[in-house]
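Undergrad: Hey, dropping data-v8.cif in here, mmCIF, C-alpha atoms:
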```
data_protein
#
loop_
_atom_site.group_PDB
_atom_site.id
_atom_site.type_symbol
_atom_site.label_atom_id
_atom_site.label_comp_id
_atom_site.auth_asym_id
_atom_site.auth_seq_id
_atom_site.Cartn_x
_atom_site.Cartn_y
_atom_site.Cartn_z
ATOM 1 C CA MET A 1 31.151 -7.303 -39.310
ATOM 2 C CA ASN A 2 32.028 -4.537 -41.769
ATOM 3 C CA ASP A 3 28.847 -3.134 -43.410
ATOM 4 C CA ARG A 4 26.504 -5.022 -41.048
ATOM 5 C CA ILE A 5 27.329 -2.755 -38.079
ATOM 6 C CA PHE A 6 24.310 -0.462 -37.544
ATOM 7 C CA ALA A 7 25.519 1.720 -34.662
ATOM 8 C CA LYS A 8 26.213 5.412 -35.326
ATOM 9 C CA SER A 9 29.531 5.474 -33.483
ATOM 10 C CA VAL A 10 31.805 2.759 -32.086
ATOM 11 C CA ARG A 11 34.741 2.423 -29.725
ATOM 12 C CA LEU A 12 37.546 1.299 -32.028
ATOM 13 C CA ILE A 13 40.425 -1.012 -31.099
ATOM 14 C CA SER A 14 43.254 -1.302 -33.615
ATOM 15 C CA SER A 15 44.753 -4.551 -34.876
ATOM 16 C CA ASP A 16 47.652 -4.281 -32.391
ATOM 17 C CA GLY A 17 45.270 -3.827 -29.426
ATOM 18 C CA THR A 18 45.502 -0.075 -28.796
ATOM 19 C CA GLN A 19 42.323 1.976 -28.372
ATOM 20 C CA LEU A 20 41.735 4.553 -31.084
ATOM 21 C CA GLY A 21 38.761 6.150 -29.312
ATOM 22 C CA ILE A 22 35.106 6.643 -30.220
ATOM 23 C CA LEU A 23 34.657 7.132 -33.966
ATOM 24 C CA PRO A 24 31.753 7.188 -36.434
ATOM 25 C CA VAL A 25 31.191 3.820 -38.127
ATOM 26 C CA ARG A 26 32.129 5.141 -41.595
ATOM 27 C CA GLU A 27 35.499 6.394 -40.338
ATOM 28 C CA ALA A 28 36.150 3.100 -38.500
ATOM 29 C CA LEU A 29 35.349 1.159 -41.682
ATOM 30 C CA ARG A 30 37.671 3.401 -43.694
ATOM 31 C CA THR A 31 40.488 2.805 -41.157
ATOM 32 C CA ALA A 32 39.958 -0.969 -41.369
ATOM 33 C CA LYS A 33 39.965 -0.909 -45.190
ATOM 34 C CA GLU A 34 43.197 1.101 -45.210
ATOM 35 C CA GLU A 35 44.857 -1.652 -43.166
ATOM 36 C CA GLY A 36 43.328 -4.307 -45.441
ATOM 37 C CA LEU A 37 41.449 -5.907 -42.553
ATOM 38 C CA ASP A 38 37.853 -6.259 -41.337
ATOM 39 C CA LEU A 39 35.909 -4.263 -38.758
ATOM 40 C CA VAL A 40 34.393 -6.743 -36.302
ATOM 41 C CA GLU A 41 31.920 -5.893 -33.552
ATOM 42 C CA VAL A 42 33.174 -7.662 -30.387
ATOM 43 C CA ALA A 43 30.904 -6.148 -27.714
ATOM 44 C CA PRO A 44 27.577 -5.149 -29.298
ATOM 45 C CA ASN A 45 25.731 -4.549 -25.996
ATOM 46 C CA SER A 46 28.066 -1.916 -24.577
ATOM 47 C CA ASP A 47 27.492 1.793 -25.116
ATOM 48 C CA PRO A 48 28.968 2.588 -27.618
ATOM 49 C CA PRO A 49 29.562 -0.856 -29.176
ATOM 50 C CA VAL A 50 33.188 -2.011 -29.229
ATOM 51 C CA CYS A 51 34.684 -2.890 -32.619
ATOM 52 C CA ARG A 52 38.072 -4.330 -33.420
ATOM 53 C CA ILE A 53 40.138 -4.243 -36.586
ATOM 54 C CA MET A 54 41.200 -7.824 -37.422
ATOM 55 C CA ASP A 55 41.464 -10.399 -40.170
ATOM 56 C CA TYR A 56 38.115 -12.137 -39.650
ATOM 57 C CA GLY A 57 38.925 -15.168 -41.827
ATOM 58 C CA LYS A 58 42.122 -15.816 -39.870
ATOM 59 C CA PHE A 59 40.215 -15.370 -36.597
ATOM 60 C CA LYS A 60 37.567 -17.957 -37.618
ATOM 61 C CA TYR A 61 40.295 -20.379 -38.711
ATOM 62 C CA GLN A 62 42.152 -20.064 -35.387
ATOM 63 C CA THR A 63 38.990 -20.573 -33.321
ATOM 64 C CA SER A 64 38.077 -23.686 -35.319
ATOM 65 C CA LYS A 65 41.613 -25.037 -34.758
ATOM 66 C CA LYS A 66 41.280 -24.403 -31.006
ATOM 67 C CA VAL A 67 37.977 -26.299 -30.945
ATOM 68 C CA GLN A 68 39.561 -29.218 -32.824
ATOM 69 C CA GLU A 69 42.494 -29.257 -30.394
ATOM 70 C CA THR A 70 40.247 -29.363 -27.330
ATOM 71 C CA ARG A 71 38.226 -32.187 -28.886
ATOM 72 C CA LYS A 72 41.409 -34.134 -29.535
ATOM 73 C CA LYS A 73 42.631 -33.634 -25.970
ATOM 74 C CA SER A 74 39.331 -34.623 -24.406
ATOM 75 C CA ARG A 75 39.119 -37.910 -26.261
ATOM 76 C CA ALA A 76 36.585 -40.180 -24.624
ATOM 77 C CA PHE A 77 38.398 -43.156 -23.178
ATOM 78 C CA GLN A 78 37.088 -46.638 -23.685
ATOM 79 C CA VAL A 79 36.633 -49.398 -21.169
ATOM 80 C CA LYS A 80 38.082 -52.594 -22.609
ATOM 81 C CA GLU A 81 37.182 -55.939 -21.110
ATOM 82 C CA ILE A 82 39.279 -59.054 -20.644
ATOM 83 C CA LYS A 83 37.532 -62.251 -19.590
ATOM 84 C CA VAL A 84 39.222 -65.105 -17.745
ATOM 85 C CA ARG A 85 38.149 -68.182 -15.788
ATOM 86 C CA PRO A 86 39.446 -69.221 -12.361
ATOM 87 C CA ASN A 87 41.249 -72.229 -13.858
ATOM 88 C CA THR A 88 42.868 -70.346 -16.759
ATOM 89 C CA GLU A 89 46.316 -71.755 -17.455
ATOM 90 C CA GLU A 90 49.428 -69.677 -16.799
ATOM 91 C CA HIS A 91 50.407 -69.176 -20.459
ATOM 92 C CA ASP A 92 46.870 -68.163 -21.449
ATOM 93 C CA LEU A 93 46.846 -65.676 -18.593
ATOM 94 C CA GLU A 94 50.152 -64.217 -19.813
ATOM 95 C CA VAL A 95 48.648 -63.667 -23.273
ATOM 96 C CA LYS A 96 45.664 -61.876 -21.705
ATOM 97 C CA VAL A 97 48.024 -59.720 -19.620
ATOM 98 C CA LYS A 98 49.961 -58.746 -22.793
ATOM 99 C CA ASN A 99 46.700 -57.549 -24.352
ATOM 100 C CA LEU A 100 45.841 -55.716 -21.147
ATOM 101 C CA ILE A 101 49.203 -53.930 -21.280
ATOM 102 C CA LYS A 102 48.499 -52.847 -24.883
ATOM 103 C CA PHE A 103 45.148 -51.395 -23.787
ATOM 104 C CA LEU A 104 46.754 -49.516 -20.886
ATOM 105 C CA GLU A 105 49.438 -48.081 -23.187
ATOM 106 C CA LYS A 106 46.650 -46.685 -25.367
ATOM 107 C CA LYS A 107 45.235 -44.979 -22.229
ATOM 108 C CA ASN A 108 42.134 -47.186 -22.012
ATOM 109 C CA ARG A 109 40.648 -48.442 -18.781
ATOM 110 C CA VAL A 110 40.439 -52.224 -18.565
ATOM 111 C CA LYS A 111 37.826 -54.337 -16.820
ATOM 112 C CA VAL A 112 39.062 -57.822 -15.953
ATOM 113 C CA THR A 113 36.191 -60.271 -15.459
ATOM 114 C CA VAL A 114 36.399 -63.746 -13.945
ATOM 115 C CA THR A 115 33.423 -65.940 -14.833
ATOM 116 C CA PHE A 116 32.490 -68.959 -12.705
ATOM 117 C CA ARG A 117 30.543 -71.983 -13.956
ATOM 118 C CA GLY A 118 29.081 -74.932 -12.148
ATOM 119 C CA ARG A 119 31.283 -76.241 -9.338
ATOM 120 C CA GLU A 120 33.716 -73.329 -9.770
ATOM 121 C CA MET A 121 31.191 -71.272 -7.770
ATOM 122 C CA ALA A 122 32.481 -72.953 -4.610
ATOM 123 C CA TYR A 123 36.009 -71.618 -5.225
ATOM 124 C CA ILE A 124 35.497 -67.858 -5.464
ATOM 125 C CA ASP A 125 38.817 -67.279 -3.687
ATOM 126 C CA ALA A 126 40.543 -68.802 -6.768
ATOM 127 C CA GLY A 127 38.967 -66.005 -8.852
ATOM 128 C CA VAL A 128 40.216 -63.364 -6.422
ATOM 129 C CA GLU A 129 43.690 -64.892 -6.695
ATOM 130 C CA VAL A 130 43.621 -64.674 -10.509
ATOM 131 C CA LEU A 131 42.563 -61.000 -10.345
ATOM 132 C CA LYS A 132 45.359 -60.207 -7.869
ATOM 133 C CA ARG A 133 47.938 -61.863 -10.123
ATOM 134 C CA VAL A 134 46.726 -59.797 -13.087
ATOM 135 C CA ALA A 135 46.844 -56.585 -11.015
ATOM 136 C CA GLU A 136 50.419 -57.343 -9.882
ATOM 137 C CA ALA A 137 51.513 -58.078 -13.466
ATOM 138 C CA VAL A 138 50.469 -54.601 -14.673
ATOM 139 C CA SER A 139 51.211 -52.627 -11.504
ATOM 140 C CA GLU A 140 53.863 -50.446 -13.202
ATOM 141 C CA LEU A 141 51.482 -49.364 -16.018
ATOM 142 C CA GLY A 142 48.128 -49.178 -14.253
ATOM 143 C CA THR A 143 46.470 -48.736 -10.911
ATOM 144 C CA VAL A 144 43.558 -50.708 -9.538
ATOM 145 C CA GLU A 145 40.577 -48.373 -9.744
ATOM 146 C CA GLU A 146 38.003 -50.785 -8.336
ATOM 147 C CA GLU A 147 38.968 -53.659 -6.079
ATOM 148 C CA PRO A 148 37.768 -57.183 -6.972
ATOM 149 C CA LYS A 149 34.035 -57.393 -6.317
ATOM 150 C CA ARG A 150 31.216 -59.690 -7.268
ATOM 151 C CA GLU A 151 29.147 -58.245 -10.036
ATOM 152 C CA ALA A 152 26.646 -61.070 -10.314
ATOM 153 C CA ARG A 153 26.207 -64.538 -8.904
ATOM 154 C CA ASN A 154 28.796 -65.976 -11.273
ATOM 155 C CA ARG A 155 31.053 -62.983 -12.110
ATOM 156 C CA MET A 156 33.782 -61.053 -10.332
ATOM 157 C CA CYS A 157 35.351 -57.884 -11.726
ATOM 158 C CA LEU A 158 38.374 -55.633 -11.287
ATOM 159 C CA VAL A 159 38.921 -52.285 -13.051
ATOM 160 C CA ILE A 160 42.434 -51.092 -13.881
ATOM 161 C CA ALA A 161 43.123 -47.514 -15.028
ATOM 162 C CA PRO A 162 46.293 -46.326 -16.776
ATOM 163 C CA LYS A 163 48.778 -44.281 -14.725
#
```
Could you express the structure from this file as structure tokens?
TA:
Amino acid sequence: MNDRIFAKSVRLISSDGTQLGILPVREALRTAKEEGLDLVEVAPNSDPPVCRIMDYGKFKYQTSKKVQETRKKSRAFQVKEIKVRPNTEEHDLEVKVKNLIKFLEKKNRVKVTVTFRGREMAYIDAGVEVLKRVAEAVSELGTVEEEPKREARNRMCLVIAPK
């Protein structure tokens, strides 16, 4: 940039994008100073190096804003978990579904886990039924990403992703 360019001559591109030709570095610097802008080397490995007349501070600011914007757009989603039991009462299940809907509206994936204890292990189909009811309740906001499957001896899971 500016006085740190050590080539003897450079291919100069003006601030509006038109090529001004191959000029000595001193003349290119003088042209940039007349416009009140900086001389920035954009392709140092070419022969002769390519330099552009631009506002370097504004350029750095815009690139940092672009990086921030891409970070914001590629926000890492979270996997929230909701735990229920096969004998969970209807009202309690409705409360859990309301929370699940809030998570889906915030674009989070939700893992619904049914935990079995003791004699409940004999009624695994009751757990599948609970998971199907939950999936039906949020079908307009989310899609079932992973079907109900046994994760361990006493757990069954279902993953729902936002639409």
Undergrad: Evaluating the PyMOL selection byres ((chain A and resi 151-154) around 8) on the displayed file yields which residues, as a short mmCIF file (atom, residue, chain, number, x, y, z; two decimals) with C-alpha atoms, in the frame of the given file?
TA:
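Below is the file part.cif, written as the result:
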```
data_model
loop_
_atom_site.label_atom_id
_atom_site.label_comp_id
_atom_site.auth_asym_id
_atom_site.auth_seq_id
_atom_site.Cartn_x
_atom_site.Cartn_y
_atom_site.Cartn_z
CA THR A 115 33.42 -65.94 -14.83
CA PHE A 116 32.49 -68.96 -12.70
CA ARG A 117 30.54 -71.98 -13.96
CA MET A 121 31.19 -71.27 -7.77
CA LYS A 149 34.03 -57.39 -6.32
CA ARG A 150 31.22 -59.69 -7.27
CA ARG A 155 31.05 -62.98 -12.11
CA MET A 156 33.78 -61.05 -10.33
CA CYS A 157 35.35 -57.88 -11.73
#
```
Undergrad: Go ahead and compute the interatomic distance for CA of Met54 (chain A) and CA of Ala7 (chain A), in Å to one decimal.
TA: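 Going from CA of Met54 (chain A) over to CA of Ala7 (chain A) covers 18.6 Å.
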Undergrad: Please write the residues picked by the PyMOL selection byres ((chain A and resi 36-41) around 6) on this file as a PyMOL selection string.
TA: chain A and resi 1-2+32-35+42-43+50-55
Undergrad: Provide the CA of Ile160 (chain A) to CA of Glu146 (chain A) distance in Å, to one decimal place.
TA: 7.1 Å
Undergrad: Spell out the residues picked by the PyMOL selection byres ((chain A and resi 78-88) around 9) here, as a short mmCIF file (atom, residue, chain, number, x, y, z; two decimals) with C-alpha atoms, in the coordinates of the input.
TA:
```cif
data_model
loop_
_atom_site.label_atom_id
_atom_site.label_comp_id
_atom_site.auth_asym_id
_atom_site.auth_seq_id
_atom_site.Cartn_x
_atom_site.Cartn_y
_atom_site.Cartn_z
CA ALA A 76 36.58 -40.18 -24.62
CA PHE A 77 38.40 -43.16 -23.18
CA GLU A 89 46.32 -71.76 -17.45
CA GLU A 90 49.43 -69.68 -16.80
CA HIS A 91 50.41 -69.18 -20.46
CA ASP A 92 46.87 -68.16 -21.45
CA LEU A 93 46.85 -65.68 -18.59
CA LYS A 96 45.66 -61.88 -21.70
CA VAL A 97 48.02 -59.72 -19.62
CA ASN A 99 46.70 -57.55 -24.35
CA LEU A 100 45.84 -55.72 -21.15
CA PHE A 103 45.15 -51.40 -23.79
CA LYS A 107 45.24 -44.98 -22.23
CA ASN A 108 42.13 -47.19 -22.01
CA ARG A 109 40.65 -48.44 -18.78
CA VAL A 110 40.44 -52.22 -18.57
CA LYS A 111 37.83 -54.34 -16.82
CA VAL A 112 39.06 -57.82 -15.95
CA THR A 113 36.19 -60.27 -15.46
CA VAL A 114 36.40 -63.75 -13.94
CA THR A 115 33.42 -65.94 -14.83
CA PHE A 116 32.49 -68.96 -12.70
CA ARG A 117 30.54 -71.98 -13.96
CA GLU A 120 33.72 -73.33 -9.77
CA TYR A 123 36.01 -71.62 -5.22
CA ILE A 124 35.50 -67.86 -5.46
CA ASP A 125 38.82 -67.28 -3.69
CA ALA A 126 40.54 -68.80 -6.77
CA GLY A 127 38.97 -66.00 -8.85
CA VAL A 128 40.22 -63.36 -6.42
CA GLU A 129 43.69 -64.89 -6.70
CA VAL A 130 43.62 -64.67 -10.51
CA VAL A 159 38.92 -52.28 -13.05
#
```
Undergrad: Between A:Ser14, A:Gly142, A:Ser9, A:Val134, which one has atoms that come closest to Arg26 (chain A), using all atoms listed in the file?
TA: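 Going through A:Ser14, A:Gly142, A:Ser9, A:Val134 one by one, the smallest distance to Arg26 (chain A) is for A:Ser9.
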Undergrad: Using CA of Asp47 (chain A) and CA of Ile13 (chain A) as the two end points, give the distance in Å to one decimal.
TA: 14.5 Å
Undergrad: Counting all atoms listed in the file, write as number ranges by chain all protein and nucleic acid residues lying at most 6 Å from (46.2, -47.0, -16.9) in the file's frame.
TA: A: 104, 107, 141-142, 161-163
Undergrad: Kindly indicate which residue among A:Ala28, A:Leu158, A:Val144, A:Ala122 lies nearest to Arg11 (chain A), using all atoms listed in the file for the distances.
TA: A:Ala28
Undergrad: Which one is closest to Phe6 (chain A): A:Glu105, A:Pro44, A:Leu23, A:Glu145? Count only C-alpha atoms.
TA: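 Ranking A:Glu105, A:Pro44, A:Leu23, A:Glu145 by distance to Phe6 (chain A), first place goes to A:Pro44.
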